[in-house]
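Everything below belongs to final-v4.txt, which stores compact mmCIF, C-alpha atoms and all ligand atoms.
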# COMPACT_ATOMS: atom_id res chain seq x y z
CA MET K 1 55.16 28.91 -48.12
CA GLU K 2 53.53 31.32 -45.72
CA SER K 3 50.05 30.58 -46.99
CA GLU K 4 50.29 26.97 -45.91
CA THR K 5 50.67 27.77 -42.25
CA PRO K 6 47.14 29.14 -41.64
CA SER K 7 45.50 26.21 -43.43
CA THR K 8 47.37 23.64 -41.40
CA SER K 9 46.70 25.56 -38.25
CA HIS K 10 43.03 25.64 -39.22
CA VAL K 11 42.92 21.87 -39.65
CA ASP K 12 44.80 21.45 -36.46
CA ASN K 13 42.29 23.68 -34.75
CA GLN K 14 39.37 21.63 -36.05
CA ALA K 15 41.01 18.42 -34.95
CA SER K 16 41.57 19.76 -31.50
CA TYR K 17 38.01 21.05 -31.44
CA ASP K 18 36.71 17.58 -32.28
CA ASP K 19 38.93 16.18 -29.59
CA ILE K 20 37.49 18.61 -27.07
CA ILE K 21 33.93 17.70 -28.08
CA GLU K 22 34.68 14.01 -27.79
CA ASN K 23 36.22 14.55 -24.39
CA THR K 24 33.37 16.71 -23.14
CA GLU K 25 30.81 14.14 -24.30
CA THR K 26 31.28 12.08 -21.21
CA PRO K 27 28.22 10.09 -20.23
CA GLN K 28 26.24 11.95 -17.61
CA GLU K 29 25.89 10.17 -14.34
CA VAL K 30 22.30 9.05 -14.18
CA VAL K 31 21.35 8.12 -10.65
CA VAL K 32 18.88 5.30 -10.99
CA GLN K 33 16.70 5.31 -7.91
CA PRO K 34 15.17 1.99 -6.88
CA PRO K 35 11.40 1.85 -7.33
CA GLU K 36 9.45 2.63 -4.19
CA VAL K 37 8.20 -0.47 -2.49
CA VAL K 38 4.45 -0.11 -2.29
CA SER K 39 3.15 -1.50 0.93
CA MET K 40 0.24 -3.90 0.54
CA LYS K 41 -1.44 -2.85 3.74
CA GLY K 42 -4.94 -2.21 2.46
CA SER K 43 -5.16 -5.13 0.07
CA GLY K 44 -7.06 -7.86 1.83
CA SER K 45 -9.23 -8.70 -1.12
CA ARG K 46 -7.30 -11.88 -1.77
CA LEU K 47 -8.75 -13.51 1.31
CA PRO K 48 -12.26 -14.90 1.09
CA LEU K 49 -14.87 -13.19 3.23
CA ARG K 50 -15.07 -16.16 5.60
CA VAL K 51 -11.39 -15.97 6.46
CA GLU K 52 -11.57 -12.21 6.79
CA LYS K 53 -14.43 -12.45 9.26
CA ALA K 54 -12.68 -15.17 11.20
CA LEU K 55 -9.53 -13.10 11.40
CA LYS K 56 -11.51 -10.09 12.56
CA LEU K 57 -13.19 -12.13 15.26
CA LYS K 58 -9.85 -13.53 16.34
CA SER K 59 -8.28 -10.10 16.54
CA LYS K 60 -11.18 -8.84 18.67
CA PRO K 61 -10.83 -9.29 22.39
CA LEU K 62 -13.45 -11.38 24.09
CA ARG K 63 -16.16 -9.63 26.03
CA GLN K 64 -18.17 -10.97 28.86
CA CYS K 65 -21.82 -10.51 28.21
CA LYS K 66 -23.59 -9.21 31.28
CA LYS K 67 -26.89 -10.80 30.22
CA CYS K 68 -25.75 -14.41 29.80
CA GLN K 69 -22.35 -14.14 31.51
CA GLU K 70 -20.76 -15.72 28.44
CA TRP K 71 -17.42 -14.69 26.97
CA GLY K 72 -17.91 -13.93 23.32
CA HIS K 73 -18.08 -11.22 20.71
CA HIS K 74 -21.46 -9.85 21.60
CA ASP K 75 -22.66 -7.25 24.00
CA SER K 76 -25.48 -7.29 26.50
CA ARG K 77 -27.48 -5.37 23.90
CA ASN K 78 -26.79 -7.98 21.19
CA CYS K 79 -27.14 -10.95 23.49
CA ASP K 80 -28.95 -13.77 21.72
CA LYS K 81 -30.61 -15.02 24.89
CA PHE K 82 -31.82 -11.55 25.71
CA LYS K 83 -33.10 -11.11 22.16
CA GLU K 84 -34.99 -14.42 22.34
CA LYS K 85 -36.62 -13.29 25.53
CA GLU K 86 -37.53 -9.98 23.94
CA LYS K 87 -39.00 -11.74 20.90
CA ARG K 88 -41.13 -14.00 23.06
CA GLN K 89 -42.24 -11.10 25.16
CA SER K 90 -43.05 -9.01 22.10
CA ARG K 91 -45.01 -11.91 20.60
CA ARG K 92 -47.00 -12.26 23.78
CA ASN K 93 -47.59 -8.56 23.86
CA SER K 94 -48.66 -8.44 20.22
CA LYS K 95 -51.01 -11.34 20.78
CA VAL K 96 -52.60 -9.60 23.71
ZN ZN J 1 -24.97 -12.78 25.93
Before anything else, please render the file you have as structure tokens.
Ligand SMILES: [Zn+2]
Amino acid sequence: MESETPSTSHVDNQASYDDIIENTETPQEVVVQPPEVVSMKGSGSRLPLRVEKALKLKSKPLRQCKKCQEWGHHDSRNCDKFKEKEKRQSRRNSKV
């Protein structure tokens, strides 16, 4: 009956081995990180150009034009009244 002992022990060993494997196969902790929230800072393409321009004008501070003394978004260089004068003058000059 001595030969039976090793075989049983062998089976017992295998069983325990399987047990160990099953126990060691614990699910690894997978840390699921939340997706990064992409900021939509540069995406202004949804707005039509008109609205974009209006918003830009609104965000700009008003300037007082030194040519016409009007508060607006133009400079003394870009002053419409000044330009008109220049045009007239240039026309006169070109005519003469
Ligand atoms: Zn002006």
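Candidate residues K:Gln28, K:Arg77, K:Cys65, K:Pro35 were compared for distance to ligand ZN 1 (chain J), and the nearest is K:Cys65, using only C-alpha atoms and all ligand atoms.
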At most 8 Å from ligand ZN 1 (chain J) (all atoms listed in the file): residue list as number ranges by chain: K: 64-72, 74-76, 78-82
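Comparing K:His73, K:Asp18, K:Glu36, K:Glu29 by their smallest distance to K:Lys58, the closest is K:His73 (using all atoms listed in the file).
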